[in-house]
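I have placed the structure first, in the form of structure tokens, so that the comments after it can refer back to it.
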Amino acid sequence: MSQFLQPTILLLREGTDTSQGRAQIVSNINAVQAVADVVKSTLGPRGMDKMIQTGPKVTISNDGATILNLLEVVHPAARVLVDIAKSQDDEVGDGTTSTTLLAAELLKEAKPFIEEGIHPQIVIQGYRKALELALEKLEGFSINISRDSPEDKRNTLLKCAQTALNSKLLANTKQFFSELVVSAVEKLDPNILDRDLIGIKNVTGGSVTDSFLVDGVAFKKTFSYAGFEQQPKRFENPKICLLNLELELKSEKENAEIRIEKPEEYQQIVDAEWALIYEKLETIVKAGAQIVLSKLPIGDLATQYFADRNIFCAGRVPQEDLLRVQKATGGQVQTTVNGLNPETFGTCGLFEEVQVGAERYNLFKNCPQSRTATIVLRGGAEQFIQEAERSLNDAIMIVRRCFKANKIVAGGGAIELELSRYLRHYARSVTGKTQYIVNSYAKALEVIPRTIAENAGLNSIEIMNKLRQRHAQGGDEGRWYGVDINGQSGVCDTHSSFVWEPSLVKRNALCSATEAACAILSIDETVKNPKSDQDTKMKPKGQPGRPPMGMRR
Amino acid sequence: MSLAFDDYGRPYIILREQGSKKRMKGLEAYKSNILAAKAIANTLSSSLGPKGMDKMLVSPDGDVSVTNDGATIVEKMEIQHPTAKLLVELSQSQDAEIGDGTTGVVVLAGKLLEQALTLLDKGIHPLKISDGFDRACDVAIKHLETISEEIDIQANEHEALIQAACTALGSKVVSKRKRELGKIAVTAVLDVADLNRKDVNLDLIKIQTKTGGSVEDTRLISGILIDKDMSHPQMVKEVNDAKICLLTCPFEPPKPKTKHNINISSAEDYKKLYQQEQQYFVDMVKLVKDSGANIALCQWGFDDEANHLLLQNNLPAVRWVSGTDVELIAMATGARIIPRFQEITPEKLGKAGSVKEVQFGTSNERMLVIENCQCTKAVTILIRGGSQMIVDEAKRSIHDAICVIRNLIKDNRIVYGGGSAELACAIQVLQYADEVSSVEQYAIRSFADALEGIPSCLADNCGLNPITSVAQAKARQLQENNHRIGIDCMELGTTDMKEQRIYETLSSKKQQIQLATQVVKMILKIDDVIAPDDY
């Protein structure tokens with residue numbers, strides 16, 4: 001309020017909001033806490049879902065990145081959290097909630113230091129040091145999984161997929177879906193593991209366990225013209241012609257104009273147009289294609305022409321599906337039929353059109369060089385399937401990661417506790433302020449097991465004490481003790497109960513959480529330009545410095 | 001949503017339009033979600049069973065529909081609440097997958113949520129409840145499979161199928177005529193069914209409605225009915241041994257697709273052009289006639305000139321036949337669709353026993369019936385009834401019956417209706433509950449209670465005392481070890497559903513229980529609702 005008394009020097013545009021100094025850091029930290037609070041309850045196998053309504057659309061999700069994205073966070077510092085969750089999602093696909101929580105917890109631990117007047121840069125330095133040590137240790141703790149025999153390898157992948165699915169809606173059918181996911185990823189080219197080549201198709205209706213995997217491509221029946229029903233709907237080892245070509249009777253060139261001088265010429269023009277389309281169709285038939293797929297429409301004329309010749313066709317096939325068909329069948333998409341070469345045709349073991357729920361699907365199965373797979377998801381409600389899709393996506397990403405990196409750590413908070421124990425131990429050996437800060441880092445790491453326990457309705461203080469005691473005993477025995485949500489004691493060796501995660505997920509989570517915390521700590525001034533007029537309305541009324549009554553909950 | 005405050009008490013905004021967002025957390029969120037979903041279930045519960053009531057729904061445009069079909073009711077209610085919407089989708093997905101039991105699934109979900117609410121009040125963690133429900137669901141499904149019976153769909157002129165169709169029709173407005181309608185539905189499905197592959201393509205059964213007459217006049221046409229008449233009133237109204245020419249090109253001079261214009265510089269040219277146009281019509285009719293066709297169906301329109309010529313040449317024709325109809329006719333008559341006059345050949349014609357134009361009552365409306373087709377792979381059910389509302393409801397009812405029969409052809413296992421299957425499962429689940437030592441026991445027991453809610457709701461709708469009749473039925477099931485005892489809704493004097501011949505498909509029952517559990521689990525997992533404030 002002091003600004004009312006002294007003459008102000010206008011440096012910035014009127015309405016510009018600037019805040020700076022220590023208060024600014026503290027206020028940023030508070031904002032981050034508020035955001036992290038929202039996702040906190042989704043962590044772990046007993047994590048809950050959030051229902052978020054944006055306009056007419058309703059999303060029910062357990063995925064940290066999805067929730068944060070839908071919240072529409074505008075606070076500049078809090079946006080950093082959204083960004084790290086997103087980067088974790090893009091990079092590893094799973095562990096978005098734990099990253100967010102960890103970053104928020106690190107900041108919370110830093111808050112007392114800032115308030116006491118320790119320079120933020122010192123805190124940052126301490127955190128960076130702690131991160132370095134933690135990563136080093138993480139590397140050391142990771143278990144190399146044996147992948148000598150294919151069964152062992154598959155087993156590991158299944159375990160990791162199950163851990164990722166644990167906290168999701170599909171938890172009860174995780175065995176079923178982990179099989180599905182691992183089989184799907186195994187289909188991919190092991191060198192590239194292109195995520196885009198696993199298609200997920202949603203069909204409402206049926207129970208979740210009616211979902212199935214197609215070792216090839218599946219897509220919904222496209223819009224069809226009269227005559228389509230007369231086409232054969234089943235082929236064995238067909239020749240598949242992929243086109244990016246419109247097969248319709250239409251003007252060859254837009255905006256072209258013909259001038260017809262004599263009535264006789266009229267028929268010639270008409271015939272010429274028909275000849276053009278017939279020529280195209282004939283080339284395709286002559287080349288021996290049995291299935292014709294095109295990205296562009298296939299008109300009624302062509303549909304009937306093909307029906308007469310026992311050829312199946314589908315126009316307006318979505319781009320991504322056509323690409324997958326291309327990969328699976330080994331065909332090549334043609335943009336013209338001139339000089340159509342049968343070598344560009346793909347093939348598959350079996351093509352079939354089947355009814356799935358209320359929809360009809362085209363399935364291309366047993367593809368020879370199948371480097372792609374499609375999961376057809378079934379379920380009761382639209383939102384259910386959408387959430388199931390997100391969960392499967394996480395699982396797929398995790399399995400992909402496991403395929404590449406062969407190191408795992410135990411989940412359920414075990415690895416965080418072990419790192420925390422190590423850092424505490426280390427802190428005792430250093431002098432100076434770093435000791436405090438490394439200690440805080442260690443404490444912040446405990447947020448993961450604590451939240452898992454809290455969400456499961458367990459007594460978190462008791463559980464944490466038990467876990468700390470186990471880990472303090474040291475050695476290999478106590479190392480993998482984590483939160484057990486099923487048992488009586490609340491703790492168990494999560495490694496032997498197969499709660500496995502790729503160490504890469506943890507590594508990335510630690511890095512990005514620390515980075516985010518440091519970034520927020522190093523901001524000491526925010527200059528916010530006013531939005532064009534309407535922003536003033538949003539400012540809460542009431543006296544400055546005192547919250548209006550009834551607003552606080 | 002509440003605002004956040006920094007250490008100096010200044011509020012700051014974290015989320016976009018934070019002030020106008022509402023957030024509900026924890027128990028408050030569960031309760032509001034459950035209450036909303038329960039409200040939907042309560043609306044539907046009075047429609048369950050043979051004595052269930054209908055709902056009248058008025059759309060924003062003032063269209064009135066009266067229905068008993070769960071999926072239709074919830075769809076037309078235009079529900080806003082996000083959780084309640086989940087139940088709408090639940091009903092619709094049952095409709096898409098099974099086609100029947102859309103009311104039952106919502107009522108069951110409502111009962112489950114009601115039980116969950118009491119468990120929440122006891123302080124049980126929602127996920128424990130959903131775990132318990134999940135385990136109970138598995139038990140119930142397994143038990144359903146053990147009590148299911150295989151039926152012989154062929155025996156006794158498909159008597160079993162007719163009975164199942166009657167059960168589905170029993171709760172509808174047309175229940176008085178359920179036997180006749182059931183027969184029609186069974187014949188229709190068997191006509192198009194592929195019994196070897198156990199597959200039925202429902203697209204091949206066309207359901208056409210026409211107000212007028214009464215429900216008894218509903219009939220099955222082993223062929224196709226199209227809502228069109230001959231293009232010229234003087235054309236013959238009936239063609240026997242029809243050879244059908246199916247055209248997807250108009251009876252008009254062909255037009256190039258490329259933009260064109262014709263320059264006429266002399267009167268001679270003009271005449272030539274006129275003659276040429278005339279010639280086109282003559283040629284077209286000749287081509288059709290020469291192929292041996294005695295009726296032409298066209299997807300597009302005719303020029304008046306062509307229409308006149310067709311009449312002169314004694315060639316009946318129909319114009320503007322819709323694309324789907326063209327396809328159905330092609331399938332039924334074995335015709336090939338012809339895109340161009342030059343391609344008409346005798347082999348491409350379809351054959352049908354008769355094509356005739358029929359008139360209904362005193363109204364001037366006519367329809368075209370194509371019967372005794374060469375390969376009857378498509379049939380039509382013509383539904384008649386006193387008013388548009390009745391016809392529409394009859395259509396939905398027959399659709400349900402057709403779905404039931406299709407499901408039986410796919411999987412011929414049945415369970416008995418009248419709430420007997422639910423009761424049997426409830427008993428089984430209850431037994432299982434006692435074996436569970438953890439908190440889930442309560443949830444499993446509640447699941448059994450929820451299952452009992454279905455027969456009690458049935459009894460309630462029939463004017464019976466729900467508590468006594470359910471208690472009696474349950475006691476008898478246990479005493480006689482007979483899982484077929486249900487609620488005697490029709491007051492036939494027996495509660496043995498096998499004697500009453502109330503059949504329901506196993507797949508539908510299984511799906512109901514699974515889907516309802518799934519959605520309830522989903523609702524129980526939501527602990528936080530963030531939404532705009534203004535709803």
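Following the order of the structure tokens, chains are lettered A, B, ..., residues in each are numbered from 1, and ligands are numbered from 1.
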
Per DSSP on the backbone, what are the strand (DSSP E or B) residues of region 319-491 of chain B, as an NGL selection string?
:B and (338 or 350-359 or 366-373 or 379-385 or 413-416 or 485)

Selection from above, C-alpha atoms, as an mmCIF file, in the first residue's frame, can you write it?
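The new file result.cif reads:
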data_model
loop_
_atom_site.group_PDB
_atom_site.id
_atom_site.type_symbol
_atom_site.label_atom_id
_atom_site.label_comp_id
_atom_site.auth_asym_id
_atom_site.auth_seq_id
_atom_site.Cartn_x
_atom_site.Cartn_y
_atom_site.Cartn_z
ATOM 1 C CA ILE B 338 -25.677 -51.171 -63.797
ATOM 2 C CA GLY B 350 -32.376 -59.590 -61.188
ATOM 3 C CA LYS B 351 -35.307 -61.929 -60.942
ATOM 4 C CA ALA B 352 -38.282 -61.778 -58.669
ATOM 5 C CA GLY B 353 -41.587 -63.653 -58.559
ATOM 6 C CA SER B 354 -43.633 -60.530 -58.510
ATOM 7 C CA VAL B 355 -43.313 -56.813 -58.199
ATOM 8 C CA LYS B 356 -46.446 -54.994 -57.329
ATOM 9 C CA GLU B 357 -47.660 -51.710 -56.118
ATOM 10 C CA VAL B 358 -49.852 -51.929 -53.067
ATOM 11 C CA GLN B 359 -52.116 -49.352 -51.593
ATOM 12 C CA ARG B 366 -48.526 -46.634 -52.312
ATOM 13 C CA MET B 367 -45.580 -48.872 -51.772
ATOM 14 C CA LEU B 368 -43.773 -51.269 -53.964
ATOM 15 C CA VAL B 369 -43.413 -54.890 -52.893
ATOM 16 C CA ILE B 370 -40.824 -57.110 -54.472
ATOM 17 C CA GLU B 371 -41.554 -60.694 -53.548
ATOM 18 C CA ASN B 372 -40.305 -64.230 -54.188
ATOM 19 C CA CYS B 373 -36.890 -63.039 -55.110
ATOM 20 C CA VAL B 379 -36.540 -59.578 -45.958
ATOM 21 C CA THR B 380 -38.769 -56.755 -44.829
ATOM 22 C CA ILE B 381 -41.014 -56.490 -41.840
ATOM 23 C CA LEU B 382 -43.885 -54.142 -42.492
ATOM 24 C CA ILE B 383 -45.172 -52.770 -39.231
ATOM 25 C CA ARG B 384 -48.657 -51.358 -39.021
ATOM 26 C CA GLY B 385 -50.294 -49.647 -36.112
ATOM 27 C CA ARG B 413 -27.253 -70.917 -24.184
ATOM 28 C CA ILE B 414 -30.058 -69.403 -22.158
ATOM 29 C CA VAL B 415 -30.857 -68.566 -18.587
ATOM 30 C CA TYR B 416 -34.323 -68.169 -17.156
ATOM 31 C CA ILE B 485 -37.705 -69.879 -9.404
#

Could you pull the residues within 12 Å of region 59-69 of chain B, counting only C-alpha atoms, minus those fewer than 3 positions along the same chain, as a PyMOL selection string?
chain B and resi 43-56+72-78+91-92+94-95+99-106+168-175+387-401

Chain A residues within 6 Å of chain B, counting only C-alpha atoms: which ones, as a PyMOL selection string?
chain A and resi 27+48-53+72-75+204-205+226-227+250-251+257-261+263+270+357-358+380-381+545-546

Take the residues from that selection and put them in a file with N, CA and C atoms, as a short mmCIF file (atom, residue, chain, number, x, y, z; two decimals), in the first residue's frame.
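Now in result13.cif:
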data_model
loop_
_atom_site.label_atom_id
_atom_site.label_comp_id
_atom_site.auth_asym_id
_atom_site.auth_seq_id
_atom_site.Cartn_x
_atom_site.Cartn_y
_atom_site.Cartn_z
N SER A 27 5.82 -17.35 -3.47
CA SER A 27 4.48 -17.41 -4.07
C SER A 27 4.45 -18.41 -5.22
N MET A 48 -6.83 -42.51 -7.37
CA MET A 48 -8.17 -42.27 -7.86
C MET A 48 -8.14 -41.56 -9.21
N ASP A 49 -9.30 -41.46 -9.82
CA ASP A 49 -9.42 -40.78 -11.09
C ASP A 49 -9.99 -39.38 -10.90
N LYS A 50 -9.79 -38.57 -11.89
CA LYS A 50 -10.35 -37.22 -11.86
C LYS A 50 -11.34 -37.11 -13.01
N MET A 51 -12.39 -36.42 -12.74
CA MET A 51 -13.33 -36.15 -13.82
C MET A 51 -13.28 -34.67 -14.13
N ILE A 52 -12.94 -34.36 -15.34
CA ILE A 52 -12.78 -32.96 -15.71
C ILE A 52 -13.70 -32.66 -16.88
N GLN A 53 -14.48 -31.61 -16.71
CA GLN A 53 -15.39 -31.23 -17.78
C GLN A 53 -14.87 -29.97 -18.44
N GLU A 72 -5.89 -26.54 -17.63
CA GLU A 72 -5.64 -25.21 -18.21
C GLU A 72 -4.96 -24.29 -17.21
N VAL A 73 -3.80 -24.71 -16.77
CA VAL A 73 -3.06 -23.91 -15.81
C VAL A 73 -2.54 -22.65 -16.50
N VAL A 74 -2.77 -21.48 -15.88
CA VAL A 74 -2.25 -20.25 -16.49
C VAL A 74 -1.13 -19.62 -15.67
N HIS A 75 -1.04 -19.98 -14.43
CA HIS A 75 0.02 -19.40 -13.61
C HIS A 75 1.37 -19.76 -14.21
N THR A 204 -17.27 -49.21 -28.58
CA THR A 204 -18.04 -49.32 -27.34
C THR A 204 -18.88 -50.59 -27.38
N GLY A 205 -19.19 -51.06 -26.18
CA GLY A 205 -19.95 -52.30 -26.08
C GLY A 205 -19.03 -53.43 -25.72
N ALA A 226 -23.57 -47.99 -52.92
CA ALA A 226 -24.37 -49.14 -53.30
C ALA A 226 -23.52 -50.11 -54.11
N GLY A 227 -23.70 -51.37 -53.85
CA GLY A 227 -22.92 -52.36 -54.57
C GLY A 227 -21.84 -52.96 -53.69
N LYS A 250 -15.39 -38.19 -62.90
CA LYS A 250 -15.37 -36.76 -62.60
C LYS A 250 -14.52 -36.03 -63.63
N SER A 251 -14.57 -34.73 -63.53
CA SER A 251 -13.79 -33.98 -64.50
C SER A 251 -12.31 -34.18 -64.20
N GLU A 257 -12.60 -26.18 -69.33
CA GLU A 257 -13.85 -25.98 -70.03
C GLU A 257 -13.72 -26.52 -71.45
N ILE A 258 -14.75 -27.18 -71.90
CA ILE A 258 -14.69 -27.69 -73.27
C ILE A 258 -15.71 -26.93 -74.10
N ARG A 259 -15.34 -26.67 -75.28
CA ARG A 259 -16.29 -26.04 -76.18
C ARG A 259 -16.65 -27.07 -77.24
N ILE A 260 -17.91 -27.37 -77.31
CA ILE A 260 -18.32 -28.39 -78.27
C ILE A 260 -18.97 -27.70 -79.46
N GLU A 261 -18.40 -27.93 -80.61
CA GLU A 261 -18.88 -27.22 -81.79
C GLU A 261 -20.02 -27.97 -82.46
N PRO A 263 -22.89 -31.21 -82.49
CA PRO A 263 -23.62 -32.14 -81.63
C PRO A 263 -22.98 -33.53 -81.58
N VAL A 270 -18.49 -37.41 -73.72
CA VAL A 270 -19.04 -38.28 -72.68
C VAL A 270 -18.28 -39.60 -72.67
N GLY A 357 -19.11 -55.38 -32.15
CA GLY A 357 -20.11 -54.52 -31.54
C GLY A 357 -21.07 -54.06 -32.62
N ALA A 358 -21.29 -52.74 -32.69
CA ALA A 358 -22.22 -52.25 -33.69
C ALA A 358 -21.51 -51.87 -34.98
N GLY A 380 -17.55 -50.56 -21.73
CA GLY A 380 -18.92 -50.09 -21.55
C GLY A 380 -19.19 -48.69 -22.05
N ALA A 381 -18.45 -47.73 -21.55
CA ALA A 381 -18.77 -46.35 -21.90
C ALA A 381 -17.61 -45.73 -22.66
N GLY A 545 -4.84 -7.10 -0.17
CA GLY A 545 -4.12 -7.56 1.02
C GLY A 545 -4.97 -8.40 1.94
N ARG A 546 -6.29 -8.35 1.73
CA ARG A 546 -7.11 -9.21 2.58
C ARG A 546 -8.03 -10.04 1.70
#

Residues of region 308-503 of chain A in helix (DSSP H, G or I) according to DSSP, as a VMD selection string?
chain A and resid 308 319 to 329 342 to 344 382 to 404 414 to 427 434 to 445 447 to 455 460 to 472 475 to 479 503

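The interatomic distance for the pair CA of Glu320 (chain A) and CA of Asp194 (chain A) works out to 12.8 Å.
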
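Distance check against Ile205 (chain B) using only C-alpha atoms: of B:Lys377, B:Ala306, B:Arg219, B:Asp229, the minimum falls on B:Lys377.
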
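Going from CA of Cys166 (chain B) over to CA of Leu181 (chain B), you cover 8.1 Å.
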
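The list of residues with at least one atom within 6 Å of Cys462 (chain B), based on only C-alpha atoms and without residues fewer than 2 positions apart in the same chain, reads Lys51, Ala459, Asp460, Leu464 and Cys489 of chain B.
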
Give me the residues within 10 Å of region 148-159 of chain B as a VMD selection string, counting only C-alpha atoms and dropping any in the same chain fewer than 3 places off.
chain B and resid 143 to 145 162 to 165 183 186 to 187 190 405 408 to 409 411 to 416 421 483 504 to 506

Would you output that residue set with C-alpha atoms, as an mmCIF file, in the first residue's frame?
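This is the output file out15.cif:
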data_model
loop_
_atom_site.group_PDB
_atom_site.id
_atom_site.type_symbol
_atom_site.label_atom_id
_atom_site.label_comp_id
_atom_site.auth_asym_id
_atom_site.auth_seq_id
_atom_site.Cartn_x
_atom_site.Cartn_y
_atom_site.Cartn_z
ATOM 1 C CA HIS B 143 -22.445 -69.150 -11.782
ATOM 2 C CA LEU B 144 -24.523 -67.864 -14.671
ATOM 3 C CA GLU B 145 -22.558 -70.106 -16.982
ATOM 4 C CA ILE B 162 -40.191 -67.846 -30.484
ATOM 5 C CA GLN B 163 -40.399 -68.103 -26.716
ATOM 6 C CA ALA B 164 -37.266 -66.036 -26.296
ATOM 7 C CA ALA B 165 -38.622 -63.419 -28.671
ATOM 8 C CA LYS B 183 -42.937 -65.583 -35.070
ATOM 9 C CA VAL B 186 -37.923 -65.510 -35.889
ATOM 10 C CA THR B 187 -38.777 -66.205 -39.512
ATOM 11 C CA LEU B 190 -33.780 -67.359 -39.919
ATOM 12 C CA ILE B 405 -32.884 -64.254 -31.725
ATOM 13 C CA LEU B 408 -29.374 -67.162 -29.638
ATOM 14 C CA ILE B 409 -28.205 -68.196 -33.055
ATOM 15 C CA ASP B 411 -24.761 -68.682 -28.753
ATOM 16 C CA ASN B 412 -27.635 -70.994 -27.934
ATOM 17 C CA ARG B 413 -27.253 -70.917 -24.184
ATOM 18 C CA ILE B 414 -30.058 -69.403 -22.158
ATOM 19 C CA VAL B 415 -30.857 -68.566 -18.587
ATOM 20 C CA TYR B 416 -34.323 -68.169 -17.156
ATOM 21 C CA ALA B 421 -31.031 -65.852 -12.767
ATOM 22 C CA HIS B 483 -32.431 -71.902 -9.835
ATOM 23 C CA GLU B 504 -33.250 -64.821 -21.760
ATOM 24 C CA THR B 505 -29.959 -65.194 -23.530
ATOM 25 C CA LEU B 506 -26.905 -65.928 -21.481
#

Find the residues around Gln115 (chain B) up to 6 Å (only C-alpha atoms counted), leave out those fewer than 3 positions away in its own chain, and share them as a PDB file with C-alpha atoms, in the first residue's frame.
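This is the output file out-v5.pdb:
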ATOM      1  CA  LEU B 112     -24.981 -51.238  -7.224  1.00  0.00           C
ATOM      2  CA  THR B 118     -24.073 -47.142   2.167  1.00  0.00           C
ATOM      3  CA  SER B 446     -23.735 -55.693  -1.134  1.00  0.00           C
TER       4      SER B 446
END

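Note that CA of Gly486 (chain B) and CA of Ala473 (chain B) are 5.8 Å apart.
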
Find the residues near region 285-287 of chain B: any atom within 9 Å, counting only C-alpha atoms, skip ones fewer than 5 places away on the same chain, and give them as a VMD selection string.
chain B and resid 251 280 306 309 to 310 313 315 341 to 345

Deliver the residues from the most recent selection as a file, using N, CA and C atoms, as a PDB file, in the first residue's frame.
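The resulting file, part-v2.pdb, is shown below:
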ATOM      1  N   PHE B 251     -32.285 -41.416 -66.400  1.00  0.00           N
ATOM      2  CA  PHE B 251     -32.840 -41.486 -67.751  1.00  0.00           C
ATOM      3  C   PHE B 251     -32.777 -40.101 -68.357  1.00  0.00           C
ATOM      4  N   TYR B 280     -31.292 -40.283 -77.765  1.00  0.00           N
ATOM      5  CA  TYR B 280     -30.772 -40.831 -76.508  1.00  0.00           C
ATOM      6  C   TYR B 280     -31.859 -41.584 -75.758  1.00  0.00           C
ATOM      7  N   ALA B 306     -38.540 -39.155 -71.043  1.00  0.00           N
ATOM      8  CA  ALA B 306     -38.204 -40.560 -70.865  1.00  0.00           C
ATOM      9  C   ALA B 306     -39.365 -41.294 -70.226  1.00  0.00           C
ATOM     10  N   LEU B 309     -41.886 -42.094 -72.738  1.00  0.00           N
ATOM     11  CA  LEU B 309     -41.426 -43.163 -73.632  1.00  0.00           C
ATOM     12  C   LEU B 309     -41.512 -44.528 -72.964  1.00  0.00           C
ATOM     13  N   LEU B 310     -41.165 -44.538 -71.668  1.00  0.00           N
ATOM     14  CA  LEU B 310     -41.209 -45.805 -70.936  1.00  0.00           C
ATOM     15  C   LEU B 310     -42.635 -46.339 -70.905  1.00  0.00           C
ATOM     16  N   ASN B 313     -43.608 -47.715 -74.215  1.00  0.00           N
ATOM     17  CA  ASN B 313     -42.975 -48.996 -74.492  1.00  0.00           C
ATOM     18  C   ASN B 313     -43.393 -50.073 -73.499  1.00  0.00           C
ATOM     19  N   LEU B 315     -42.988 -50.305 -70.306  1.00  0.00           N
ATOM     20  CA  LEU B 315     -41.923 -50.698 -69.404  1.00  0.00           C
ATOM     21  C   LEU B 315     -42.126 -49.975 -68.069  1.00  0.00           C
ATOM     22  N   PHE B 341     -26.092 -47.306 -69.497  1.00  0.00           N
ATOM     23  CA  PHE B 341     -27.027 -48.040 -70.352  1.00  0.00           C
ATOM     24  C   PHE B 341     -26.327 -49.005 -71.286  1.00  0.00           C
ATOM     25  N   GLN B 342     -25.154 -48.621 -71.733  1.00  0.00           N
ATOM     26  CA  GLN B 342     -24.437 -49.463 -72.685  1.00  0.00           C
ATOM     27  C   GLN B 342     -24.073 -50.819 -72.076  1.00  0.00           C
ATOM     28  N   GLU B 343     -24.095 -50.894 -70.758  1.00  0.00           N
ATOM     29  CA  GLU B 343     -23.622 -52.126 -70.140  1.00  0.00           C
ATOM     30  C   GLU B 343     -24.733 -53.085 -69.763  1.00  0.00           C
ATOM     31  N   ILE B 344     -25.945 -52.762 -70.131  1.00  0.00           N
ATOM     32  CA  ILE B 344     -27.053 -53.650 -69.768  1.00  0.00           C
ATOM     33  C   ILE B 344     -26.941 -54.954 -70.545  1.00  0.00           C
ATOM     34  N   THR B 345     -26.881 -56.038 -69.803  1.00  0.00           N
ATOM     35  CA  THR B 345     -26.895 -57.350 -70.452  1.00  0.00           C
ATOM     36  C   THR B 345     -27.923 -58.201 -69.707  1.00  0.00           C
TER      37      THR B 345
END

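The list of residues with at least one atom within 7 Å of region 491-503 of chain A, based on only C-alpha atoms and without residues fewer than 2 positions apart in the same chain, reads Ser142, Lys159, Cys160, Thr163, Cys402, Lys407, Ile408, Val409, Ala410, Gly411, Gly412, Ile463, Leu467, Trp480, Tyr481, Gly482, Val483, Asp484, Ser489, Val505, Lys506 and Arg507 of chain A.
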